[in-house]
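Text of the file target_17.cif, holding mmCIF, C-alpha atoms:
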```cif
data_input
#
loop_
_atom_site.label_atom_id
_atom_site.label_comp_id
_atom_site.auth_asym_id
_atom_site.auth_seq_id
_atom_site.Cartn_x
_atom_site.Cartn_y
_atom_site.Cartn_z
CA MET A 232 0.00 0.00 0.00
CA THR A 233 1.40 3.40 -0.99
CA ALA A 234 1.97 6.20 1.51
CA LEU A 235 -0.98 8.16 0.07
CA ALA A 236 -3.32 5.17 0.33
CA GLN A 237 -2.36 4.68 3.96
CA LEU A 238 -3.83 8.12 4.71
CA LEU A 239 -7.31 7.07 3.55
CA PRO A 240 -9.31 5.73 6.51
CA VAL A 241 -9.87 1.97 6.30
CA LYS A 242 -13.67 2.31 6.50
CA TRP A 243 -13.64 4.41 3.34
CA LEU A 244 -11.34 2.00 1.52
CA GLN A 245 -13.70 -0.84 2.39
CA CYS A 246 -16.73 1.20 1.35
CA LEU A 247 -15.25 2.04 -2.07
CA ALA A 248 -14.11 -1.55 -2.60
CA GLN A 249 -17.72 -2.75 -2.28
CA LEU A 250 -18.86 -0.91 -5.40
CA PRO A 251 -19.59 -2.97 -8.53
CA ALA A 252 -16.47 -3.57 -10.63
CA GLN A 253 -14.27 -2.39 -7.75
CA ASP A 254 -12.23 -4.17 -5.14
CA GLU A 255 -9.55 -3.11 -2.72
CA GLY A 256 -6.87 -3.65 -5.35
CA SER A 257 -8.52 -1.42 -7.93
CA VAL A 258 -9.00 1.42 -5.45
CA LEU A 259 -5.41 1.10 -4.26
CA GLY A 260 -4.26 1.06 -7.88
CA LEU A 261 -6.07 4.32 -8.55
CA LEU A 262 -4.47 5.92 -5.49
CA ALA A 263 -1.06 4.64 -6.61
CA GLU A 264 -1.61 6.32 -9.98
CA ILE A 265 -2.44 9.58 -8.23
CA GLU A 266 0.60 9.28 -5.98
CA ARG A 267 2.88 8.80 -8.98
CA ALA A 268 1.48 11.96 -10.56
CA LEU A 269 1.91 13.94 -7.34
CA GLY A 270 5.47 12.69 -6.97
CA ALA A 271 6.31 13.75 -10.53
CA GLU A 272 4.93 17.23 -9.83
CA GLU A 273 6.94 17.59 -6.66
CA ARG A 274 10.15 16.33 -8.26
CA ALA A 275 9.66 18.96 -10.96
CA GLY A 276 9.60 21.62 -8.24
CA ALA A 277 5.87 22.29 -8.10
CA THR A 278 4.17 23.25 -4.85
CA VAL A 279 1.04 21.22 -4.21
CA PHE A 280 -1.86 22.08 -1.91
CA PRO A 281 -3.02 20.89 0.55
CA ALA A 282 -0.27 19.00 2.37
CA ARG A 283 -0.42 15.22 1.86
CA VAL A 284 -1.50 14.63 5.45
CA GLU A 285 -4.56 16.85 4.87
CA MET A 286 -5.73 15.49 1.51
CA PHE A 287 -8.12 12.99 3.12
CA ARG A 288 -9.16 15.24 6.01
CA ALA A 289 -12.83 15.11 4.94
CA PHE A 290 -12.75 11.30 5.16
CA GLU A 291 -11.09 11.37 8.56
CA LEU A 292 -13.85 13.56 9.99
CA THR A 293 -16.85 11.90 8.30
CA ALA A 294 -17.16 8.11 8.24
CA PRO A 295 -19.22 6.51 5.44
CA ALA A 296 -22.11 5.51 7.71
CA GLN A 297 -22.31 9.02 9.16
CA VAL A 298 -22.80 10.88 5.88
CA ARG A 299 -26.05 12.81 5.75
CA ALA A 300 -25.01 15.41 3.18
CA VAL A 301 -22.29 15.93 0.59
CA ILE A 302 -21.11 19.41 -0.41
CA LEU A 303 -19.13 19.06 -3.63
CA GLY A 304 -16.43 21.51 -4.64
CA GLN A 305 -14.28 21.39 -7.75
CA ASP A 306 -10.74 21.53 -6.40
CA PRO A 307 -8.88 22.93 -3.38
CA TYR A 308 -8.02 26.59 -3.00
CA HIS A 309 -4.78 27.09 -4.92
CA GLY A 310 -3.43 29.96 -2.82
CA GLY A 311 -2.37 27.87 0.15
CA GLN A 312 -5.59 28.08 2.20
CA ALA A 313 -6.77 24.52 1.51
CA HIS A 314 -6.86 22.05 4.38
CA GLY A 315 -8.76 19.09 2.96
CA LEU A 316 -12.39 20.24 3.25
CA SER A 317 -14.27 21.73 0.32
CA PHE A 318 -14.89 25.49 0.64
CA SER A 319 -13.34 25.56 4.14
CA VAL A 320 -10.27 27.42 5.41
CA GLN A 321 -8.70 27.52 8.85
CA ASP A 322 -10.08 29.98 11.39
CA GLY A 323 -8.38 33.35 11.14
CA VAL A 324 -7.65 32.95 7.42
CA LYS A 325 -9.38 35.51 5.20
CA ARG A 326 -12.59 34.00 3.87
CA PRO A 327 -12.53 33.22 0.17
CA PRO A 328 -15.48 34.80 -1.68
CA SER A 329 -17.39 31.54 -2.21
CA LEU A 330 -17.24 30.69 1.49
CA ARG A 331 -18.30 34.21 2.38
CA ASN A 332 -21.37 33.81 0.17
CA ILE A 333 -22.16 30.35 1.59
CA LEU A 334 -22.16 31.71 5.12
CA ALA A 335 -24.23 34.73 4.07
CA GLU A 336 -26.86 32.39 2.63
CA LEU A 337 -26.73 30.29 5.80
CA GLU A 338 -27.60 33.36 7.86
CA SER A 339 -30.38 34.36 5.46
CA ASP A 340 -31.76 30.81 5.30
CA CYS A 341 -31.47 29.64 8.90
CA GLY A 342 -30.74 32.76 10.91
CA ILE A 343 -27.31 31.38 11.83
CA ALA A 344 -24.66 34.10 12.00
CA VAL A 345 -21.04 32.98 11.94
CA ALA A 346 -18.31 35.06 13.56
CA GLN A 347 -16.02 36.77 11.06
CA ASP A 348 -12.94 34.94 12.35
CA THR A 349 -14.64 31.53 11.97
CA SER A 350 -14.14 29.93 8.55
CA ASN A 351 -13.30 26.31 9.41
CA LEU A 352 -16.16 23.97 8.47
CA SER A 353 -14.80 20.98 10.43
CA LEU A 354 -17.82 20.99 12.73
CA TRP A 355 -20.06 20.36 9.73
CA ALA A 356 -17.84 17.42 8.75
CA GLN A 357 -18.05 16.00 12.26
CA ARG A 358 -21.85 16.18 12.04
CA GLY A 359 -22.10 14.14 8.85
CA VAL A 360 -21.44 16.64 6.05
CA LEU A 361 -18.87 15.21 3.64
CA LEU A 362 -16.97 18.25 2.36
CA LEU A 363 -15.67 16.69 -0.84
CA ASN A 364 -13.67 18.22 -3.66
CA SER A 365 -13.69 16.53 -7.04
CA ALA A 366 -9.89 16.84 -7.10
CA LEU A 367 -8.18 16.55 -3.73
CA SER A 368 -5.04 18.45 -4.69
CA VAL A 369 -3.97 21.36 -6.88
CA ARG A 370 -0.77 22.95 -8.11
CA ALA A 371 -0.08 26.30 -6.43
CA GLY A 372 -1.66 29.15 -8.36
CA GLU A 373 -3.23 26.92 -11.03
CA ALA A 374 -6.90 26.13 -10.56
CA GLY A 375 -7.92 22.78 -12.01
CA SER A 376 -4.33 21.68 -12.52
CA HIS A 377 -4.88 18.22 -11.00
CA ALA A 378 -8.22 17.50 -12.61
CA ALA A 379 -6.73 14.81 -14.86
CA ILE A 380 -4.40 12.88 -12.53
CA GLY A 381 -7.03 10.44 -11.25
CA TRP A 382 -8.81 12.40 -8.55
CA GLN A 383 -12.01 12.77 -10.56
CA ALA A 384 -12.31 9.01 -10.89
CA PHE A 385 -11.68 8.70 -7.15
CA SER A 386 -14.27 11.31 -6.16
CA ASP A 387 -16.79 9.77 -8.55
CA LEU A 388 -16.31 6.51 -6.65
CA VAL A 389 -16.93 8.35 -3.39
CA ILE A 390 -20.15 9.92 -4.67
CA SER A 391 -21.30 6.54 -5.99
CA ALA A 392 -20.47 4.85 -2.69
CA VAL A 393 -22.48 7.36 -0.67
CA ALA A 394 -25.35 7.13 -3.14
CA ALA A 395 -25.29 3.31 -2.88
CA GLN A 396 -25.99 3.40 0.84
CA GLN A 397 -29.55 2.79 1.96
CA GLN A 398 -29.81 5.83 4.20
CA ALA A 399 -31.09 8.95 2.47
CA CYS A 400 -28.57 11.73 1.87
CA VAL A 401 -28.55 15.22 0.41
CA PHE A 402 -26.09 16.17 -2.34
CA PHE A 403 -25.29 19.86 -2.78
CA LEU A 404 -24.25 20.27 -6.41
CA TRP A 405 -23.58 23.98 -6.90
CA GLY A 406 -22.61 25.09 -10.39
CA ARG A 407 -22.47 23.40 -13.76
CA TYR A 408 -19.49 21.18 -12.98
CA ALA A 409 -20.96 19.78 -9.77
CA ALA A 410 -24.32 19.27 -11.48
CA SER A 411 -22.61 17.01 -14.02
CA LYS A 412 -22.26 14.44 -11.21
CA SER A 413 -26.02 14.05 -10.80
CA PRO A 414 -26.20 10.84 -12.94
CA LEU A 415 -24.22 9.08 -10.17
CA ILE A 416 -27.03 9.68 -7.66
CA ASP A 417 -30.31 7.78 -7.30
CA THR A 418 -32.86 10.55 -6.83
CA THR A 419 -35.56 8.09 -5.77
CA ARG A 420 -33.71 7.79 -2.44
CA HIS A 421 -31.58 10.92 -2.21
CA LEU A 422 -32.11 14.65 -2.69
CA ILE A 423 -29.99 16.71 -5.07
CA ILE A 424 -29.88 20.43 -4.38
CA GLU A 425 -28.63 22.04 -7.58
CA GLY A 426 -28.21 25.71 -8.21
CA ALA A 427 -25.82 28.49 -9.04
CA HIS A 428 -22.31 28.30 -7.66
CA PRO A 429 -21.67 30.52 -4.61
CA SER A 430 -18.79 32.32 -6.33
CA PRO A 431 -19.19 36.08 -6.86
CA LEU A 432 -19.63 35.46 -10.59
CA SER A 433 -22.84 33.50 -10.12
CA ALA A 434 -24.15 33.82 -6.56
CA TYR A 435 -26.71 36.44 -7.59
CA ARG A 436 -27.98 34.17 -10.37
CA GLY A 437 -29.79 31.79 -8.07
CA PHE A 438 -27.58 30.87 -5.16
CA PHE A 439 -28.73 33.62 -2.87
CA GLY A 440 -32.26 32.91 -1.74
CA SER A 441 -32.11 29.20 -2.65
CA ARG A 442 -32.34 28.14 1.04
CA PRO A 443 -30.26 24.96 0.60
CA PHE A 444 -29.61 24.34 4.30
CA SER A 445 -33.21 24.38 5.46
CA ARG A 446 -34.29 22.34 2.42
CA CYS A 447 -31.69 19.75 3.35
CA ASN A 448 -32.99 19.45 6.89
CA VAL A 449 -36.64 19.19 5.83
CA PHE A 450 -35.72 16.31 3.52
CA LEU A 451 -33.70 14.51 6.20
CA GLN A 452 -36.50 14.85 8.73
CA ASN A 453 -39.00 13.50 6.20
CA LYS A 454 -36.71 10.48 5.74
CA GLN A 455 -36.50 9.91 9.51
CA ARG A 456 -32.90 11.08 9.69
CA ALA A 457 -31.61 13.68 12.12
CA SER A 458 -31.32 17.17 10.74
CA ILE A 459 -27.92 18.87 10.57
CA ASP A 460 -26.81 21.51 13.02
CA TRP A 461 -25.32 24.11 10.68
CA SER A 462 -23.97 26.37 13.42
CA LEU A 463 -20.23 27.00 13.65
#
```

Take the structure in the file and give it back as structure tokens.
Amino acid sequence: MTALAQLLPVKWLQCLAQLPAQDEGSVLGLLAEIERALGAEERAGATVFPARVEMFRAFELTAPAQVRAVILGQDPYHGGQAHGLSFSVQDGVKRPPSLRNILAELESDCGIAVAQDTSNLSLWAQRGVLLLNSALSVRAGEAGSHAAIGWQAFSDLVISAVAAQQQACVFFLWGRYAASKSPLIDTTRHLIIEGAHPSPLSAYRGFFGSRPFSRCNVFLQNKQRASIDWSL
């Protein structure tokens, strides 16, 4: 098992290996392919975010059986703020615009105000929100630079694995790219919340006022699952 694969919690490896046409060897092979690509980047002098030990942070905080919602981002922040959770940054770090808009909509939707120095979404992850990026790494300063090294296949497996579970979940697919993942999700059992991306370029085109957080909780309650505490 490669060093990168050893960072993925065993419960997630087992969960992914249970998918049709997958087994532990195939998942490990995919991670080995990703590790080779990361190693080549680093040997060429590239800086990669986040640090290796943080790439699977979302999986460390949210076990497969605990997932009640998935918030899908495209790739990590490429300016050094990434710490393994989609849209999240560490407390005290200046909020990126998309996160600022997400928290503004949270306050409008649920009346939950978040302190300006609080930007770490780890509490959401601990409460069953899988904060997943489609690519789990990025080259410094180059958005989307690791989209083709195997991460998309890996994150598609993760989405499929969550969608294969019997318990109902909510998938937040904001923006055109995230919406392209909807065919992986059985909407007879799960809820997809699609809409504009929270970035400044599109937030006023349907993200603001969409009330995604309260809609998520209504669905979970209707499916006899506990609602999510969105406070931070």

Distance criterion (only C-alpha atoms): nearest to Leu354 (chain A) out of A:Gln321, A:Gln397, A:Ser368, A:Gln305: A:Gln321

Evaluating the PyMOL selection byres ((chain A and resi 445) around 12) on the displayed file yields which residues, as a PyMOL selection string? chain A and resi 336-343+401+424+440-444+446-452+458-461

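Among A:Leu269, A:Gln347, A:Ser433, A:Leu303, the residue with the shortest atom-to-atom distance to Ala409 (chain A), counting all atoms listed in the file, is A:Leu303.
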
Measuring between only C-alpha atoms, which one of A:Gly315, A:Val345, A:Leu247, A:Arg370 shows the shortest distance to Ala275 (chain A)?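 Closest candidate: A:Arg370.
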
For the structure provided, state which residues fall under the PyMOL selection byres ((chain A and resi 364) around 9), and present them as a PyMOL selection string. chain A and resi 302-307+315-318+362-363+365-368+383+386

Once you have the residues from the selection above, write them out as a PDB file, keeping the file's coordinate frame, restricted to C-alpha atoms.
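What landed in part_8.pdb:
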```
ATOM      1  CA  ILE A 302     -21.110  19.410  -0.410  1.00  0.00           C
ATOM      2  CA  LEU A 303     -19.130  19.060  -3.630  1.00  0.00           C
ATOM      3  CA  GLY A 304     -16.430  21.510  -4.640  1.00  0.00           C
ATOM      4  CA  GLN A 305     -14.280  21.390  -7.750  1.00  0.00           C
ATOM      5  CA  ASP A 306     -10.740  21.530  -6.400  1.00  0.00           C
ATOM      6  CA  PRO A 307      -8.880  22.930  -3.380  1.00  0.00           C
ATOM      7  CA  GLY A 315      -8.760  19.090   2.960  1.00  0.00           C
ATOM      8  CA  LEU A 316     -12.390  20.240   3.250  1.00  0.00           C
ATOM      9  CA  SER A 317     -14.270  21.730   0.320  1.00  0.00           C
ATOM     10  CA  PHE A 318     -14.890  25.490   0.640  1.00  0.00           C
ATOM     11  CA  LEU A 362     -16.970  18.250   2.360  1.00  0.00           C
ATOM     12  CA  LEU A 363     -15.670  16.690  -0.840  1.00  0.00           C
ATOM     13  CA  SER A 365     -13.690  16.530  -7.040  1.00  0.00           C
ATOM     14  CA  ALA A 366      -9.890  16.840  -7.100  1.00  0.00           C
ATOM     15  CA  LEU A 367      -8.180  16.550  -3.730  1.00  0.00           C
ATOM     16  CA  SER A 368      -5.040  18.450  -4.690  1.00  0.00           C
ATOM     17  CA  GLN A 383     -12.010  12.770 -10.560  1.00  0.00           C
ATOM     18  CA  SER A 386     -14.270  11.310  -6.160  1.00  0.00           C
TER      19      SER A 386
END
```

For Phe438 (chain A), list every protein, DNA or RNA residue within 7 Å, evaluated using all atoms listed in the file, and leave out those in the same chain fewer than 4 positions away; present the list as a PyMOL selection string. chain A and resi 426-429+434

Please enumerate the residues selected by the PyMOL selection byres ((chain A and resi 249) around 12) when evaluated against the supplied file, formatted as a list in words. Lys242, Trp243, Leu244, Gln245, Cys246, Leu247, Ala248, Leu250, Pro251, Ala252, Gln253, Asp254, Glu255, Gly256, Ser257, Val258, Leu388, Val389, Ser391, Ala392, Val393, Ala395 and Gln396 of chain A

Output as an mmCIF file, in the frame of the given file: region 410-427 of chain A, completed with N, CA, C and O atoms.
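Output below, filename result09.cif:
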```cif
data_model
loop_
_atom_site.group_PDB
_atom_site.id
_atom_site.type_symbol
_atom_site.label_atom_id
_atom_site.label_comp_id
_atom_site.auth_asym_id
_atom_site.auth_seq_id
_atom_site.Cartn_x
_atom_site.Cartn_y
_atom_site.Cartn_z
ATOM 1 N N ALA A 410 -23.065 19.842 -10.978
ATOM 2 C CA ALA A 410 -24.320 19.270 -11.480
ATOM 3 C C ALA A 410 -24.074 18.122 -12.446
ATOM 4 O O ALA A 410 -24.931 17.233 -12.597
ATOM 5 N N SER A 411 -22.902 18.102 -13.083
ATOM 6 C CA SER A 411 -22.610 17.010 -14.020
ATOM 7 C C SER A 411 -22.469 15.668 -13.314
ATOM 8 O O SER A 411 -22.473 14.619 -13.963
ATOM 9 N N LYS A 412 -22.378 15.674 -11.986
ATOM 10 C CA LYS A 412 -22.260 14.440 -11.210
ATOM 11 C C LYS A 412 -23.623 13.844 -10.853
ATOM 12 O O LYS A 412 -23.688 12.749 -10.274
ATOM 13 N N SER A 413 -24.697 14.523 -11.194
ATOM 14 C CA SER A 413 -26.020 14.050 -10.800
ATOM 15 C C SER A 413 -26.364 12.652 -11.316
ATOM 16 O O SER A 413 -27.087 11.904 -10.632
ATOM 17 N N PRO A 414 -25.876 12.209 -12.499
ATOM 18 C CA PRO A 414 -26.200 10.840 -12.940
ATOM 19 C C PRO A 414 -25.678 9.754 -11.996
ATOM 20 O O PRO A 414 -26.147 8.606 -12.072
ATOM 21 N N LEU A 415 -24.753 10.072 -11.113
ATOM 22 C CA LEU A 415 -24.220 9.080 -10.170
ATOM 23 C C LEU A 415 -25.148 8.851 -8.985
ATOM 24 O O LEU A 415 -24.902 7.945 -8.184
ATOM 25 N N ILE A 416 -26.209 9.649 -8.886
ATOM 26 C CA ILE A 416 -27.030 9.680 -7.660
ATOM 27 C C ILE A 416 -28.444 9.220 -7.963
ATOM 28 O O ILE A 416 -29.093 9.722 -8.888
ATOM 29 N N ASP A 417 -28.949 8.290 -7.179
ATOM 30 C CA ASP A 417 -30.310 7.780 -7.300
ATOM 31 C C ASP A 417 -31.262 8.759 -6.605
ATOM 32 O O ASP A 417 -31.334 8.803 -5.377
ATOM 33 N N THR A 418 -31.987 9.526 -7.404
ATOM 34 C CA THR A 418 -32.860 10.550 -6.830
ATOM 35 C C THR A 418 -34.171 9.981 -6.290
ATOM 36 O O THR A 418 -34.982 10.730 -5.745
ATOM 37 N N THR A 419 -34.387 8.674 -6.424
ATOM 38 C CA THR A 419 -35.560 8.090 -5.770
ATOM 39 C C THR A 419 -35.319 7.906 -4.276
ATOM 40 O O THR A 419 -36.271 7.743 -3.508
ATOM 41 N N ARG A 420 -34.036 7.946 -3.864
ATOM 42 C CA ARG A 420 -33.710 7.790 -2.440
ATOM 43 C C ARG A 420 -33.036 9.019 -1.854
ATOM 44 O O ARG A 420 -33.104 9.249 -0.650
ATOM 45 N N HIS A 421 -32.360 9.781 -2.692
ATOM 46 C CA HIS A 421 -31.580 10.920 -2.210
ATOM 47 C C HIS A 421 -32.104 12.221 -2.810
ATOM 48 O O HIS A 421 -32.798 12.209 -3.828
ATOM 49 N N LEU A 422 -31.737 13.327 -2.190
ATOM 50 C CA LEU A 422 -32.110 14.650 -2.690
ATOM 51 C C LEU A 422 -30.873 15.324 -3.281
ATOM 52 O O LEU A 422 -29.819 15.369 -2.649
ATOM 53 N N ILE A 423 -31.018 15.867 -4.478
ATOM 54 C CA ILE A 423 -29.990 16.710 -5.070
ATOM 55 C C ILE A 423 -30.446 18.154 -4.980
ATOM 56 O O ILE A 423 -31.553 18.494 -5.428
ATOM 57 N N ILE A 424 -29.618 18.990 -4.398
ATOM 58 C CA ILE A 424 -29.880 20.430 -4.380
ATOM 59 C C ILE A 424 -28.908 21.060 -5.375
ATOM 60 O O ILE A 424 -27.718 21.198 -5.112
ATOM 61 N N GLU A 425 -29.431 21.389 -6.536
ATOM 62 C CA GLU A 425 -28.630 22.040 -7.580
ATOM 63 C C GLU A 425 -28.913 23.535 -7.544
ATOM 64 O O GLU A 425 -29.918 23.992 -7.024
ATOM 65 N N GLY A 426 -28.017 24.275 -8.137
ATOM 66 C CA GLY A 426 -28.210 25.710 -8.210
ATOM 67 C C GLY A 426 -26.943 26.399 -8.646
ATOM 68 O O GLY A 426 -25.935 25.744 -8.941
ATOM 69 N N ALA A 427 -26.988 27.717 -8.665
ATOM 70 C CA ALA A 427 -25.820 28.490 -9.040
ATOM 71 C C ALA A 427 -24.685 28.263 -8.037
ATOM 72 O O ALA A 427 -24.917 27.968 -6.868
#
```
